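See below for start_1.cif, which holds mmCIF, C-alpha atoms and all ligand atoms.
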```cif
data_upload
#
loop_
_atom_site.label_atom_id
_atom_site.label_comp_id
_atom_site.auth_asym_id
_atom_site.auth_seq_id
_atom_site.Cartn_x
_atom_site.Cartn_y
_atom_site.Cartn_z
CA MET A 1 148.91 84.96 67.21
CA LYS A 2 151.87 85.92 69.35
CA GLN A 3 151.44 86.12 73.11
CA ASP A 4 151.70 89.10 75.42
CA TRP A 5 154.62 88.18 77.68
CA ARG A 6 154.34 91.16 80.04
CA LEU A 7 154.73 89.97 83.66
CA GLN A 8 154.53 86.33 82.52
CA HIS A 9 156.80 83.54 83.75
CA ILE A 10 159.00 81.63 81.29
CA LEU A 11 159.20 78.12 82.73
CA SER A 12 158.91 75.75 79.80
CA ILE A 13 159.55 75.85 76.08
CA ASP A 14 156.05 74.39 75.68
CA GLN A 15 154.68 77.89 76.42
CA PHE A 16 155.95 78.97 72.97
CA ALA A 17 154.05 78.48 69.73
CA ARG A 18 155.82 79.17 66.43
CA ASP A 19 154.69 82.83 66.42
CA ASP A 20 156.14 83.29 69.89
CA LEU A 21 159.47 81.75 68.89
CA GLU A 22 159.60 84.06 65.88
CA GLN A 23 158.80 87.01 68.13
CA VAL A 24 161.74 86.14 70.41
CA ILE A 25 164.01 85.90 67.35
CA ALA A 26 162.84 89.34 66.14
CA VAL A 27 163.34 90.95 69.56
CA ALA A 28 166.77 89.29 69.91
CA ASP A 29 167.71 90.82 66.53
CA LEU A 30 166.63 94.21 67.92
CA MET A 31 168.90 93.63 70.94
CA GLU A 32 171.91 92.54 68.88
CA PRO A 33 173.57 96.03 68.55
CA ILE A 34 173.38 96.38 72.35
CA ALA A 35 174.35 92.77 73.08
CA SER A 36 177.40 93.28 70.85
CA ARG A 37 178.21 96.47 72.86
CA ARG A 38 178.15 98.90 69.95
CA TYR A 39 175.09 100.60 71.46
CA SER A 40 173.84 101.07 75.02
CA THR A 41 170.44 101.53 76.64
CA ARG A 42 169.04 102.34 80.12
CA VAL A 43 165.46 101.05 79.65
CA LEU A 44 165.70 98.92 82.82
CA GLU A 45 167.32 101.65 84.94
CA GLY A 46 166.11 101.20 88.54
CA ALA A 47 164.99 97.57 88.05
CA VAL A 48 166.66 94.79 90.08
CA LEU A 49 167.06 91.13 89.08
CA ALA A 50 167.45 88.25 91.56
CA ASN A 51 169.77 85.84 89.75
CA LEU A 52 169.49 82.67 91.85
CA PHE A 53 171.71 79.73 90.98
CA PHE A 54 171.47 76.69 93.27
CA GLU A 55 173.37 74.51 90.80
CA ALA A 56 176.71 74.94 88.96
CA SER A 57 176.74 77.42 86.08
CA THR A 58 179.12 79.82 84.39
CA ARG A 59 177.66 81.07 81.11
CA THR A 60 173.96 80.87 81.93
CA ARG A 61 174.42 82.77 85.21
CA ILE A 62 176.79 85.37 83.78
CA SER A 63 174.80 85.84 80.58
CA PHE A 64 171.50 86.41 82.44
CA HIS A 65 173.37 88.88 84.66
CA THR A 66 175.02 90.62 81.70
CA ALA A 67 171.78 90.74 79.71
CA PHE A 68 169.99 92.53 82.57
CA ALA A 69 172.93 94.89 83.12
CA ARG A 70 173.11 95.77 79.39
CA LEU A 71 169.46 96.83 79.61
CA GLY A 72 170.47 99.22 82.42
CA GLY A 73 169.25 97.12 85.41
CA ALA A 74 171.06 96.03 88.59
CA VAL A 75 171.56 92.38 89.61
CA CYS A 76 171.70 90.48 92.94
CA ASP A 77 173.47 87.13 92.48
CA THR A 78 173.18 84.08 94.73
CA SER A 79 175.00 80.91 93.88
CA SER A 80 174.89 77.59 95.76
CA VAL A 81 172.42 76.35 98.33
CA VAL A 82 175.12 76.54 101.02
CA PHE A 83 175.09 80.36 100.96
CA SER A 84 171.31 80.70 100.94
CA SER A 85 168.68 80.25 103.66
CA ILE A 86 167.52 77.06 101.90
CA SER A 87 170.40 75.43 103.83
CA LYS A 88 168.57 76.52 107.04
CA GLY A 89 165.46 74.64 105.95
CA GLU A 90 163.59 77.51 104.29
CA SER A 91 161.00 76.40 101.72
CA LEU A 92 161.20 77.56 98.09
CA ALA A 93 157.80 79.21 98.67
CA ASP A 94 159.12 81.42 101.50
CA THR A 95 162.34 82.29 99.65
CA ALA A 96 160.32 83.20 96.56
CA ARG A 97 157.89 85.43 98.44
CA VAL A 98 160.67 87.31 100.23
CA ILE A 99 162.66 87.93 97.05
CA ALA A 100 159.57 89.13 95.19
CA GLY A 101 159.37 91.89 97.83
CA TYR A 102 162.86 93.07 96.85
CA CYS A 103 163.28 92.50 93.13
CA ASP A 104 161.50 92.95 89.76
CA ALA A 105 162.34 89.61 88.11
CA ILE A 106 163.76 86.26 89.21
CA VAL A 107 166.02 83.87 87.32
CA ILE A 108 166.34 80.49 89.01
CA ARG A 109 168.43 77.38 88.39
CA HIS A 110 167.82 74.50 90.79
CA PRO A 111 168.60 70.76 90.75
CA ASP A 112 164.93 69.68 91.23
CA VAL A 113 162.49 69.30 88.34
CA GLY A 114 159.54 71.66 88.92
CA SER A 115 161.44 74.03 91.24
CA ALA A 116 161.04 77.06 88.94
CA GLN A 117 157.29 76.38 88.75
CA GLU A 118 157.16 76.14 92.55
CA PHE A 119 158.90 79.55 92.79
CA ALA A 120 156.50 81.04 90.23
CA ASN A 121 153.47 79.79 92.20
CA HIS A 122 154.32 82.18 95.03
CA VAL A 123 155.26 85.44 93.29
CA ASN A 124 153.74 88.09 91.04
CA ILE A 125 156.94 89.06 89.20
CA PRO A 126 158.35 87.16 86.17
CA VAL A 127 160.26 83.96 87.00
CA LEU A 128 162.59 82.66 84.28
CA ASN A 129 163.65 79.00 84.48
CA ALA A 130 167.42 78.73 83.96
CA GLY A 131 167.38 74.92 84.26
CA ASP A 132 165.49 72.66 86.68
CA GLY A 133 167.35 69.38 87.08
CA ILE A 134 166.86 67.08 84.09
CA GLY A 135 163.63 68.97 83.31
CA GLU A 136 163.88 72.02 81.07
CA HIS A 137 166.17 74.80 79.96
CA PRO A 138 163.95 77.15 77.92
CA SER A 139 166.41 80.06 77.61
CA GLN A 140 169.03 77.69 76.19
CA ALA A 141 166.51 76.32 73.67
CA LEU A 142 165.64 79.89 72.62
CA LEU A 143 169.30 80.82 72.12
CA ASP A 144 169.93 77.53 70.29
CA LEU A 145 167.02 78.32 68.00
CA TYR A 146 168.30 81.87 67.46
CA THR A 147 171.71 80.43 66.60
CA ILE A 148 170.24 78.01 64.05
CA TYR A 149 168.20 80.88 62.56
CA LYS A 150 171.23 83.20 62.33
CA GLU A 151 173.69 80.64 61.06
CA ARG A 152 171.27 79.24 58.47
CA MET A 153 169.93 82.62 57.37
CA HIS A 154 173.21 84.54 57.31
CA ARG A 155 175.52 81.79 56.10
CA ASN A 156 173.26 79.63 53.97
CA ASN A 157 170.22 81.85 53.28
CA LYS A 158 167.88 79.11 54.51
CA PRO A 159 165.03 79.20 57.07
CA ILE A 160 164.93 76.98 60.17
CA ASP A 161 162.41 74.70 58.40
CA HIS A 162 163.44 71.60 56.41
CA CYS A 163 166.49 71.05 58.57
CA ARG A 164 168.21 67.77 59.47
CA VAL A 165 169.41 68.02 63.08
CA ALA A 166 171.69 65.41 64.65
CA LEU A 167 171.32 65.55 68.46
CA VAL A 168 174.36 63.80 69.88
CA GLY A 169 175.42 62.53 73.29
CA ASP A 170 173.61 62.36 76.62
CA LEU A 171 170.09 62.73 75.28
CA LYS A 172 168.63 60.98 78.32
CA ARG A 173 169.69 63.50 80.98
CA GLY A 174 170.59 66.58 78.89
CA ARG A 175 167.86 69.15 79.53
CA THR A 176 169.09 71.35 76.65
CA VAL A 177 168.20 68.71 74.06
CA HIS A 178 164.86 68.02 75.78
CA SER A 179 163.85 71.67 75.35
CA LEU A 180 165.42 72.04 71.88
CA ILE A 181 163.62 69.12 70.21
CA ARG A 182 160.32 70.57 71.45
CA ALA A 183 161.16 74.07 70.15
CA LEU A 184 162.29 72.81 66.73
CA SER A 185 159.16 70.67 66.41
CA HIS A 186 157.18 73.89 65.74
CA PHE A 187 158.96 74.28 62.39
CA ASP A 188 158.10 72.47 59.15
CA ASP A 189 159.46 69.21 57.83
CA MET A 190 162.24 68.69 60.35
CA GLU A 191 164.32 65.55 60.68
CA PHE A 192 165.87 64.61 64.02
CA VAL A 193 168.58 62.00 64.30
CA CYS A 194 169.11 61.03 67.95
CA VAL A 195 172.70 59.80 68.09
CA ALA A 196 173.54 58.17 71.43
CA PRO A 197 174.44 54.84 72.99
CA ASP A 198 171.25 52.93 73.96
CA SER A 199 171.71 53.80 77.65
CA LEU A 200 171.68 57.55 76.89
CA GLN A 201 168.90 57.76 74.29
CA MET A 202 166.23 60.45 74.01
CA PRO A 203 163.21 59.75 76.29
CA ASP A 204 160.40 57.95 74.42
CA ASP A 205 157.78 60.62 75.13
CA LEU A 206 159.90 63.31 73.45
CA VAL A 207 160.49 61.10 70.41
CA ARG A 208 156.77 60.38 70.23
CA LYS A 209 155.83 64.08 70.47
CA ALA A 210 158.25 65.03 67.67
CA LYS A 211 156.77 62.28 65.49
CA GLU A 212 153.22 63.36 66.31
CA ALA A 213 154.18 66.87 65.17
CA GLY A 214 154.89 65.32 61.77
CA HIS A 215 158.68 65.07 61.84
CA LYS A 216 160.97 62.19 61.02
CA VAL A 217 162.90 60.87 64.03
CA THR A 218 165.68 58.32 63.65
CA ILE A 219 167.40 56.60 66.56
CA CYS A 220 171.05 55.86 65.84
CA THR A 221 173.76 54.36 68.03
CA ASP A 222 176.72 55.02 65.69
CA LEU A 223 178.24 58.43 65.23
CA GLN A 224 179.27 58.26 61.57
CA PRO A 225 175.90 57.33 59.99
CA GLY A 226 174.14 59.57 62.54
CA LEU A 227 176.04 62.68 61.46
CA ALA A 228 175.92 61.95 57.73
CA THR A 229 174.42 64.86 55.76
CA ALA A 230 173.26 66.68 58.92
CA ASP A 231 172.58 70.41 58.57
CA VAL A 232 173.13 70.90 62.31
CA VAL A 233 175.25 68.75 64.63
CA TYR A 234 174.30 69.49 68.26
CA ALA A 235 176.77 67.82 70.64
CA THR A 236 176.28 67.50 74.41
CA ARG A 237 178.39 66.68 77.43
CA LEU A 238 177.93 63.44 79.39
CA GLN A 239 175.90 64.56 82.45
CA THR A 240 177.90 62.55 84.99
CA GLU A 241 176.62 64.65 87.92
CA ARG A 242 173.09 63.40 87.18
CA ASN A 243 174.16 59.85 87.75
CA ASP A 244 170.98 58.52 89.36
CA GLN A 245 171.34 54.85 88.49
CA GLY A 246 174.84 54.24 89.83
CA ASP A 247 176.31 54.05 86.34
CA THR A 248 180.06 54.52 86.48
CA GLN A 249 180.58 55.78 82.93
CA THR A 250 182.90 58.79 83.08
CA GLY A 251 183.23 59.56 79.37
CA TYR A 252 181.98 58.62 75.92
CA ALA A 253 183.63 55.72 74.13
CA PRO A 254 186.42 57.05 71.85
CA ASP A 255 184.41 56.14 68.72
CA PHE A 256 181.81 58.65 69.89
CA ARG A 257 184.12 61.65 69.75
CA ILE A 258 183.18 64.24 67.11
CA THR A 259 186.47 64.96 65.38
CA ARG A 260 187.51 67.06 62.39
CA LYS A 261 187.95 63.85 60.38
CA ILE A 262 184.39 62.63 60.98
CA ILE A 263 182.96 66.07 60.16
CA ASN A 264 185.07 66.26 56.98
CA ASP A 265 184.17 62.70 55.99
CA VAL A 266 180.39 62.76 56.45
CA CYS A 267 179.17 66.38 56.72
CA GLY A 268 178.91 69.16 54.15
CA HIS A 269 180.87 72.43 53.99
CA ASP A 270 177.89 74.33 55.45
CA VAL A 271 177.15 72.09 58.47
CA ILE A 272 176.56 74.03 61.71
CA ILE A 273 178.30 72.55 64.75
CA MET A 274 176.76 73.46 68.11
CA HIS A 275 177.21 72.57 71.79
CA PRO A 276 175.47 74.22 74.78
CA LEU A 277 178.80 74.17 76.65
CA PRO A 278 180.54 73.46 78.94
CA ARG A 279 182.46 71.02 76.78
CA ASP A 280 184.23 68.38 78.85
CA SER A 281 187.86 68.81 77.82
CA ARG A 282 189.23 66.22 80.25
CA LYS A 283 191.24 63.38 78.81
CA ASN A 284 188.99 60.38 78.05
CA ALA A 285 185.75 62.44 78.19
CA ASN A 286 185.59 62.23 74.36
CA ASP A 287 183.34 65.29 74.11
CA LEU A 288 183.41 67.48 70.95
CA SER A 289 187.04 67.74 69.83
CA ASP A 290 188.82 71.11 70.01
CA GLU A 291 190.44 70.36 66.62
CA LEU A 292 187.38 72.03 65.13
CA ASP A 293 187.98 75.34 66.95
CA GLY A 294 188.60 78.07 64.41
CA ASP A 295 186.73 76.11 61.72
CA PRO A 296 183.93 78.43 60.49
CA ARG A 297 181.44 75.53 60.69
CA ASN A 298 181.96 75.42 64.45
CA ALA A 299 179.40 77.86 65.92
CA ILE A 300 179.81 76.98 69.62
CA PHE A 301 181.20 80.35 70.75
CA ARG A 302 178.85 82.38 68.52
CA GLN A 303 176.08 80.27 70.09
CA ALA A 304 177.23 81.24 73.61
CA ASP A 305 177.43 84.93 72.52
CA ASN A 306 173.82 84.72 71.30
CA GLY A 307 172.76 84.02 74.89
CA ILE A 308 173.03 87.74 75.66
CA ALA A 309 170.68 89.00 72.92
CA VAL A 310 168.15 86.24 73.61
CA ARG A 311 168.13 86.75 77.39
CA MET A 312 167.83 90.52 76.84
CA ALA A 313 164.80 89.73 74.66
CA MET A 314 163.31 87.59 77.47
CA PHE A 315 163.67 90.45 79.97
CA ALA A 316 162.43 93.10 77.52
CA LEU A 317 159.33 91.02 76.73
CA THR A 318 158.47 90.08 80.32
CA LEU A 319 159.17 93.55 81.74
CA GLY A 320 157.38 95.31 78.87
CA VAL A 321 160.16 97.54 77.47
CA VAL A 322 160.51 96.25 73.89
CA ASP A 323 158.83 99.35 72.42
CA GLN A 324 161.13 101.68 74.37
CA ILE A 325 164.40 100.25 73.05
CA LYS A 326 164.54 102.18 69.78
CA GLY A 327 164.03 105.55 71.49
CA ASP A 328 166.51 104.82 74.28
CA THR A 329 169.66 103.64 72.53
CA HIS A 330 172.91 105.53 71.95
CA PRO A 331 176.37 104.56 70.70
CA SER A 332 178.54 103.12 73.48
CA ARG A 333 181.11 105.57 74.83
CA TRP A 334 183.89 103.28 76.11
CA LEU A 335 186.91 102.05 74.19
CA GLN A 336 186.42 98.79 72.30
CA PRO A 337 188.58 96.80 69.90
CA ALA A 338 187.82 97.72 66.29
CA HIS A 339 186.73 94.16 65.55
CA TRP A 340 185.51 92.84 68.85
CA ARG A 341 184.73 89.50 67.26
CA ARG A 342 188.20 89.35 65.80
CA TRP A 343 188.83 85.77 66.96
CA GLU A 344 186.17 84.32 64.67
C1 LIG A 401 173.90 73.12 80.01
C2 LIG A 401 173.08 72.91 81.28
O1 LIG A 401 173.40 73.46 82.33
O2 LIG A 401 172.11 72.20 81.16
N1 LIG A 401 174.77 74.21 80.08
C3 LIG A 401 174.28 75.45 79.84
O3 LIG A 401 173.36 75.91 80.46
N2 LIG A 401 174.86 76.13 78.83
C4 LIG A 401 174.55 71.91 79.52
C5 LIG A 401 175.46 71.12 80.42
O4 LIG A 401 175.65 71.41 81.60
O5 LIG A 401 176.01 70.15 79.90
#
```
Would you give me this structure, written as structure tokens?
Amino acid sequence: MKQDWRLQHILSIDQFARDDLEQVIAVADLMEPIASRRYSTRVLEGAVLANLFFEASTRTRISFHTAFARLGGAVCDTSSVVFSSISKGESLADTARVIAGYCDAIVIRHPDVGSAQEFANHVNIPVLNAGDGIGEHPSQALLDLYTIYKERMHRNNKPIDHCRVALVGDLKRGRTVHSLIRALSHFDDMEFVCVAPDSLQMPDDLVRKAKEAGHKVTICTDLQPGLATADVVYATRLQTERNDQGDTQTGYAPDFRITRKIINDVCGHDVIIMHPLPRDSRKNANDLSDELDGDPRNAIFRQADNGIAVRMAMFALTLGVVDQIKGDTHPSRWLQPAHWRRWE
């Protein structure tokens, strides 16, 4: 049975059972005409979002902001601890309580695991976790799931189930993969291949949980066999800023770079290539190669676009306006390119 999300916090992907994940997908589909700007709505007119980012972000911050604005709401943005009263020694509890007196929902990204939960403990409005250190990133997992659903359904006419997913890169510190493996574990007969050097492998407890949910998990330290016959290749950036153990590694070894040649050699024509972005394009970083840009198998920018519909769905569910969308939507009135997704 799907949950009632009205005035609930979204802090962890573990709050979502399969029915809930499917509900988010259905509401995101409902939002798609507005997210893609063909239609507009004012269902959140008068509501204000506090969009609090105490850690670097471009797309997560801007897409939460845009999602709220496309529902007709207004947004207050704070980025960096330096510009907030936390730099004056204010506790998260006090900051949270004050903001709840001003705003109707809070999005928070913070470098400490558990910080979003700490915020939620002190307020009665929805708190959405936009990433807490190496902990969780539930909105990213939801948009990743929505991307896998859309790409598989629309391109290959397949459900999310029975999917072979290669998770590649910094699986130790990448919070996106931590949340994604948990979300995908709700589907049937999944296979996860964790492709990373030993020092960056998926934490044991997450591997164990996926296995306990009945899925096959393979640990692989070589890129080529790891990617072979994958349905989804999910690449991640090396999280050098989370360098807690003094490791001086600044990039992946060159044989870890996902190139057009490797994809052509070992993956099928319908493989889905994903990355939460940002991709590290610096020389020697050896992140996902840009040779694959423009290749229809590369879904990374469609994936980022999907962040709007999914975050709109999160706001519509937690602020209780899903049922009002259909009656409060009209064609957009401003000029737009005929094919706004013309670059794909
Ligand atoms: C990710 C993050 O912040 O965890 N980015 C994002 O939210 N899209 C991944 C990353 O920073 O590598």
*Could you give me the residues within 9 Å of ligand LIG 401 (chain A), counting only C-alpha atoms and all ligand atoms, as a PyMOL selection string?*
chain A and resi 55-61+109+130-134+136-137+139-140+170+174-177+236-239+275-280+304
Would you output that residue set with C-alpha atoms, as a PDB file, keeping the file's coordinate frame?
```
ATOM      1  CA  GLU A  55     173.370  74.510  90.800  1.00  0.00           C
ATOM      2  CA  ALA A  56     176.710  74.940  88.960  1.00  0.00           C
ATOM      3  CA  SER A  57     176.740  77.420  86.080  1.00  0.00           C
ATOM      4  CA  THR A  58     179.120  79.820  84.390  1.00  0.00           C
ATOM      5  CA  ARG A  59     177.660  81.070  81.110  1.00  0.00           C
ATOM      6  CA  THR A  60     173.960  80.870  81.930  1.00  0.00           C
ATOM      7  CA  ARG A  61     174.420  82.770  85.210  1.00  0.00           C
ATOM      8  CA  ARG A 109     168.430  77.380  88.390  1.00  0.00           C
ATOM      9  CA  ALA A 130     167.420  78.730  83.960  1.00  0.00           C
ATOM     10  CA  GLY A 131     167.380  74.920  84.260  1.00  0.00           C
ATOM     11  CA  ASP A 132     165.490  72.660  86.680  1.00  0.00           C
ATOM     12  CA  GLY A 133     167.350  69.380  87.080  1.00  0.00           C
ATOM     13  CA  ILE A 134     166.860  67.080  84.090  1.00  0.00           C
ATOM     14  CA  GLU A 136     163.880  72.020  81.070  1.00  0.00           C
ATOM     15  CA  HIS A 137     166.170  74.800  79.960  1.00  0.00           C
ATOM     16  CA  SER A 139     166.410  80.060  77.610  1.00  0.00           C
ATOM     17  CA  GLN A 140     169.030  77.690  76.190  1.00  0.00           C
ATOM     18  CA  ASP A 170     173.610  62.360  76.620  1.00  0.00           C
ATOM     19  CA  GLY A 174     170.590  66.580  78.890  1.00  0.00           C
ATOM     20  CA  ARG A 175     167.860  69.150  79.530  1.00  0.00           C
ATOM     21  CA  THR A 176     169.090  71.350  76.650  1.00  0.00           C
ATOM     22  CA  VAL A 177     168.200  68.710  74.060  1.00  0.00           C
ATOM     23  CA  THR A 236     176.280  67.500  74.410  1.00  0.00           C
ATOM     24  CA  ARG A 237     178.390  66.680  77.430  1.00  0.00           C
ATOM     25  CA  LEU A 238     177.930  63.440  79.390  1.00  0.00           C
ATOM     26  CA  GLN A 239     175.900  64.560  82.450  1.00  0.00           C
ATOM     27  CA  HIS A 275     177.210  72.570  71.790  1.00  0.00           C
ATOM     28  CA  PRO A 276     175.470  74.220  74.780  1.00  0.00           C
ATOM     29  CA  LEU A 277     178.800  74.170  76.650  1.00  0.00           C
ATOM     30  CA  PRO A 278     180.540  73.460  78.940  1.00  0.00           C
ATOM     31  CA  ARG A 279     182.460  71.020  76.780  1.00  0.00           C
ATOM     32  CA  ASP A 280     184.230  68.380  78.850  1.00  0.00           C
ATOM     33  CA  ALA A 304     177.230  81.240  73.610  1.00  0.00           C
TER      34      ALA A 304
END
```
*Identify the residues around (165.1, 88.0, 66.4) within a radius of 12 Å, measuring from only C-alpha atoms in the coordinates stated by the file, and give them as a ChimeraX atom specification.*
/A:19-33,142-143,145-150,153,306,309-314
I need the chosen residues saved as a PDB file, in the frame of the given file, with C-alpha atoms.
```pdb
ATOM      1  CA  ASP A  19     154.690  82.830  66.420  1.00  0.00           C
ATOM      2  CA  ASP A  20     156.140  83.290  69.890  1.00  0.00           C
ATOM      3  CA  LEU A  21     159.470  81.750  68.890  1.00  0.00           C
ATOM      4  CA  GLU A  22     159.600  84.060  65.880  1.00  0.00           C
ATOM      5  CA  GLN A  23     158.800  87.010  68.130  1.00  0.00           C
ATOM      6  CA  VAL A  24     161.740  86.140  70.410  1.00  0.00           C
ATOM      7  CA  ILE A  25     164.010  85.900  67.350  1.00  0.00           C
ATOM      8  CA  ALA A  26     162.840  89.340  66.140  1.00  0.00           C
ATOM      9  CA  VAL A  27     163.340  90.950  69.560  1.00  0.00           C
ATOM     10  CA  ALA A  28     166.770  89.290  69.910  1.00  0.00           C
ATOM     11  CA  ASP A  29     167.710  90.820  66.530  1.00  0.00           C
ATOM     12  CA  LEU A  30     166.630  94.210  67.920  1.00  0.00           C
ATOM     13  CA  MET A  31     168.900  93.630  70.940  1.00  0.00           C
ATOM     14  CA  GLU A  32     171.910  92.540  68.880  1.00  0.00           C
ATOM     15  CA  PRO A  33     173.570  96.030  68.550  1.00  0.00           C
ATOM     16  CA  LEU A 142     165.640  79.890  72.620  1.00  0.00           C
ATOM     17  CA  LEU A 143     169.300  80.820  72.120  1.00  0.00           C
ATOM     18  CA  LEU A 145     167.020  78.320  68.000  1.00  0.00           C
ATOM     19  CA  TYR A 146     168.300  81.870  67.460  1.00  0.00           C
ATOM     20  CA  THR A 147     171.710  80.430  66.600  1.00  0.00           C
ATOM     21  CA  ILE A 148     170.240  78.010  64.050  1.00  0.00           C
ATOM     22  CA  TYR A 149     168.200  80.880  62.560  1.00  0.00           C
ATOM     23  CA  LYS A 150     171.230  83.200  62.330  1.00  0.00           C
ATOM     24  CA  MET A 153     169.930  82.620  57.370  1.00  0.00           C
ATOM     25  CA  ASN A 306     173.820  84.720  71.300  1.00  0.00           C
ATOM     26  CA  ALA A 309     170.680  89.000  72.920  1.00  0.00           C
ATOM     27  CA  VAL A 310     168.150  86.240  73.610  1.00  0.00           C
ATOM     28  CA  ARG A 311     168.130  86.750  77.390  1.00  0.00           C
ATOM     29  CA  MET A 312     167.830  90.520  76.840  1.00  0.00           C
ATOM     30  CA  ALA A 313     164.800  89.730  74.660  1.00  0.00           C
ATOM     31  CA  MET A 314     163.310  87.590  77.470  1.00  0.00           C
TER      32      MET A 314
END
```
Extending 5 Å beyond the listed atoms of region 141-158 of chain A on each side, what axis-aligned box results? I want centre and edge lengths in Å to one decimal, as JSON.
```
{"center_x": 170.6, "center_y": 80.4, "center_z": 63.5, "size_x": 19.9, "size_y": 18.2, "size_z": 30.4}
```
*asked:* Report, in Å to a single decimal, how far apart CA of Asp231 (chain A) and CA of Cys194 (chain A) are.
replied: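 Pair CA of Cys194 (chain A) / CA of Asp231 (chain A) returns 13.7 Å.
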*With all atoms listed in the file as the atoms that count, which of A:Gly135, A:Gly226, A:Pro111, A:Pro203 lies nearest to Glu191 (chain A)?*
A:Gly226
*asked:* Report, in Å with one decimal, the straight-line distance from CA of Val195 (chain A) to CA of Gly169 (chain A).
replied: 6.5 Å
*Write out as a PyMOL selection string which residues come within 12 Å of region 208-210 of chain A when counting only C-alpha atoms, dropping same-chain ones fewer than 3 positions away.*
chain A and resi 14+178-194+202-205+213-219
